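Chemist: Attaching a single structure in structure tokens format; questions to follow.
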Amino acid sequence: NDHDAAAAAATAADESYDVVRKIVAYNFHEQVTEYPYDVVIMLFAPWCGHCKRFSPEFLNLAKEMRKEKRLIRFTKMDATKNDVPPPYQAERVPSIYLSKHTDRSNPVLYQGGLQAADLRSFLDKMGAGQQ
């Protein structure tokens, strides 16, 4: 079916990149806005303890969702070294957003706990990667 074909194509195309892509201001548009599926963006700071503790959980969740053929991209951006494009904000770090491919202008700020299971629950509830 089309979903499986799209998932296979997305997976094949993404194999040359990290499971969690590091993005910067100049490629944000290409990696997020122009991507045809949902994107999770984690805005972090290198000095942030919560960010460091959550990073392995974020990576594991990205790996799990890739194995499940979910059509979703996981990204990280250092908010101390990049201009964070509006409407995204990094008033506190980590700030995690879900950018739905159907509504790029209204990303949803994740407000849950810093555990992979909590973020997964949020993404499932939002229907992320389940086009």
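So you can find residues: chains in the structure tokens are A, B, ... in the order shown, residues in each start at 1, and ligands are numbered from 1 in order.
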Taking the backbone alone, and naming residues the way the document does, which bits of chain A are helix (DSSP H, G or I) by DSSP, as a PyMOL selection string?
Modeler: chain A and resi 2-14+25-33+49-67+116-125
Chemist: Taking N, CA and C atoms for each residue, export the selection above as a short mmCIF file (atom, residue, chain, number, x, y, z; two decimals), in the first residue's frame.
Modeler:
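Output saved as selection.cif:
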data_model
loop_
_atom_site.label_atom_id
_atom_site.label_comp_id
_atom_site.auth_asym_id
_atom_site.auth_seq_id
_atom_site.Cartn_x
_atom_site.Cartn_y
_atom_site.Cartn_z
N ASP A 2 0.23 2.40 -0.18
CA ASP A 2 0.97 3.66 -0.29
C ASP A 2 1.73 4.01 0.98
N HIS A 3 1.12 3.72 2.15
CA HIS A 3 1.77 4.05 3.43
C HIS A 3 3.09 3.29 3.55
N ASP A 4 3.07 1.98 3.26
CA ASP A 4 4.29 1.17 3.37
C ASP A 4 5.35 1.65 2.38
N ALA A 5 4.93 1.97 1.18
CA ALA A 5 5.86 2.46 0.16
C ALA A 5 6.48 3.78 0.59
N ALA A 6 5.66 4.67 1.13
CA ALA A 6 6.16 5.97 1.59
C ALA A 6 7.11 5.78 2.77
N ALA A 7 6.76 4.88 3.69
CA ALA A 7 7.61 4.62 4.86
C ALA A 7 8.95 4.04 4.41
N ALA A 8 8.91 3.11 3.46
CA ALA A 8 10.15 2.50 2.95
C ALA A 8 11.02 3.55 2.27
N ALA A 9 10.40 4.42 1.49
CA ALA A 9 11.14 5.47 0.79
C ALA A 9 11.74 6.46 1.79
N ALA A 10 10.95 6.84 2.80
CA ALA A 10 11.44 7.77 3.81
C ALA A 10 12.59 7.15 4.59
N THR A 11 12.46 5.88 4.96
CA THR A 11 13.51 5.19 5.70
C THR A 11 14.78 5.11 4.87
N ALA A 12 14.65 4.71 3.62
CA ALA A 12 15.82 4.59 2.74
C ALA A 12 16.51 5.94 2.57
N ALA A 13 15.72 6.98 2.38
CA ALA A 13 16.28 8.32 2.17
C ALA A 13 16.98 8.82 3.43
N ASP A 14 16.49 8.42 4.60
CA ASP A 14 17.04 8.92 5.86
C ASP A 14 18.24 8.12 6.35
N ALA A 25 20.21 26.85 12.15
CA ALA A 25 19.29 27.87 11.62
C ALA A 25 19.20 27.82 10.09
N TYR A 26 20.36 27.68 9.41
CA TYR A 26 20.32 27.78 7.94
C TYR A 26 19.63 26.60 7.26
N ASN A 27 19.56 25.42 7.92
CA ASN A 27 18.87 24.31 7.26
C ASN A 27 17.54 23.94 7.93
N PHE A 28 17.08 24.78 8.84
CA PHE A 28 15.83 24.51 9.55
C PHE A 28 14.67 24.39 8.56
N HIS A 29 14.59 25.32 7.63
CA HIS A 29 13.50 25.31 6.65
C HIS A 29 13.49 24.01 5.85
N GLU A 30 14.67 23.61 5.38
CA GLU A 30 14.79 22.38 4.58
C GLU A 30 14.46 21.14 5.42
N GLN A 31 14.99 21.07 6.64
CA GLN A 31 14.85 19.87 7.47
C GLN A 31 13.50 19.76 8.18
N VAL A 32 12.84 20.88 8.40
CA VAL A 32 11.56 20.87 9.12
C VAL A 32 10.42 21.27 8.19
N THR A 33 10.42 22.51 7.75
CA THR A 33 9.29 23.05 6.99
C THR A 33 9.02 22.28 5.70
N GLY A 49 21.47 20.31 32.20
CA GLY A 49 21.47 18.96 32.77
C GLY A 49 20.28 18.14 32.33
N HIS A 50 19.09 18.76 32.32
CA HIS A 50 17.88 18.04 31.88
C HIS A 50 18.03 17.59 30.42
N CYS A 51 18.61 18.46 29.59
CA CYS A 51 18.81 18.12 28.17
C CYS A 51 19.74 16.92 28.04
N LYS A 52 20.84 16.94 28.80
CA LYS A 52 21.81 15.84 28.74
C LYS A 52 21.17 14.53 29.19
N ARG A 53 20.37 14.59 30.26
CA ARG A 53 19.73 13.36 30.77
C ARG A 53 18.67 12.85 29.80
N PHE A 54 17.97 13.74 29.13
CA PHE A 54 16.88 13.32 28.24
C PHE A 54 17.38 12.88 26.86
N SER A 55 18.54 13.33 26.43
CA SER A 55 19.03 13.03 25.08
C SER A 55 19.03 11.54 24.74
N PRO A 56 19.53 10.65 25.64
CA PRO A 56 19.50 9.21 25.30
C PRO A 56 18.07 8.68 25.15
N GLU A 57 17.13 9.18 25.96
CA GLU A 57 15.73 8.77 25.85
C GLU A 57 15.14 9.22 24.52
N PHE A 58 15.48 10.45 24.14
CA PHE A 58 15.01 11.03 22.87
C PHE A 58 15.52 10.17 21.70
N LEU A 59 16.81 9.80 21.76
CA LEU A 59 17.41 8.97 20.72
C LEU A 59 16.74 7.59 20.66
N ASN A 60 16.52 6.98 21.82
CA ASN A 60 15.90 5.65 21.85
C ASN A 60 14.48 5.68 21.28
N LEU A 61 13.74 6.74 21.61
CA LEU A 61 12.38 6.87 21.07
C LEU A 61 12.42 7.04 19.55
N ALA A 62 13.37 7.82 19.07
CA ALA A 62 13.53 7.99 17.62
C ALA A 62 13.82 6.65 16.95
N LYS A 63 14.69 5.85 17.57
CA LYS A 63 15.02 4.53 17.02
C LYS A 63 13.80 3.62 17.01
N GLU A 64 13.05 3.63 18.12
CA GLU A 64 11.83 2.80 18.21
C GLU A 64 10.85 3.17 17.11
N MET A 65 10.61 4.47 16.95
CA MET A 65 9.62 4.90 15.97
C MET A 65 10.09 4.63 14.54
N ARG A 66 11.40 4.66 14.31
CA ARG A 66 11.91 4.31 12.99
C ARG A 66 11.65 2.83 12.72
N LYS A 67 11.91 1.97 13.73
CA LYS A 67 11.65 0.53 13.57
C LYS A 67 10.17 0.26 13.28
N ALA A 116 10.97 9.00 27.87
CA ALA A 116 10.59 8.58 26.52
C ALA A 116 9.12 8.17 26.48
N ALA A 117 8.66 7.46 27.52
CA ALA A 117 7.27 6.98 27.54
C ALA A 117 6.29 8.15 27.53
N ASP A 118 6.63 9.23 28.23
CA ASP A 118 5.75 10.41 28.28
C ASP A 118 5.68 11.08 26.91
N LEU A 119 6.84 11.24 26.28
CA LEU A 119 6.87 11.87 24.96
C LEU A 119 6.14 10.99 23.94
N ARG A 120 6.35 9.67 24.03
CA ARG A 120 5.66 8.74 23.13
C ARG A 120 4.15 8.87 23.28
N SER A 121 3.68 8.95 24.51
CA SER A 121 2.25 9.07 24.78
C SER A 121 1.69 10.33 24.11
N PHE A 122 2.42 11.45 24.24
CA PHE A 122 2.03 12.71 23.61
C PHE A 122 1.99 12.56 22.09
N LEU A 123 3.04 11.98 21.51
CA LEU A 123 3.11 11.82 20.05
C LEU A 123 1.99 10.91 19.55
N ASP A 124 1.71 9.84 20.29
CA ASP A 124 0.62 8.93 19.91
C ASP A 124 -0.72 9.66 19.95
N LYS A 125 -0.93 10.42 21.02
CA LYS A 125 -2.19 11.16 21.18
C LYS A 125 -2.38 12.17 20.04
#
Chemist: Do a neighbour search on A:Asn82 at 9 Å with only C-alpha atoms, toss out local chain neighbours closer than 3 positions, and write the hits as a ChimeraX atom specification.
Modeler: /A:24-26,77-79,85
Chemist: Within 7 Å of stretch 94-106 of chain A, counting only C-alpha atoms, which residues show up once you throw out same-chain ones fewer than 3 positions away? Write them as a list of chain:residue names, please.
Modeler: A:Thr33, A:Pro36, A:Tyr37, A:Asp38, A:Val39, A:Val40, A:Ile41, A:Met42, A:Leu43, A:Phe44, A:Cys51, A:Ala90, A:Leu109, A:Tyr110
Chemist: Work out how far apart atom CA of A:Arg92 and atom CA of A:Phe74 are and give it in Å to one decimal.
Modeler: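 Pair atom CA of A:Arg92 / atom CA of A:Phe74 returns 19.2 Å.
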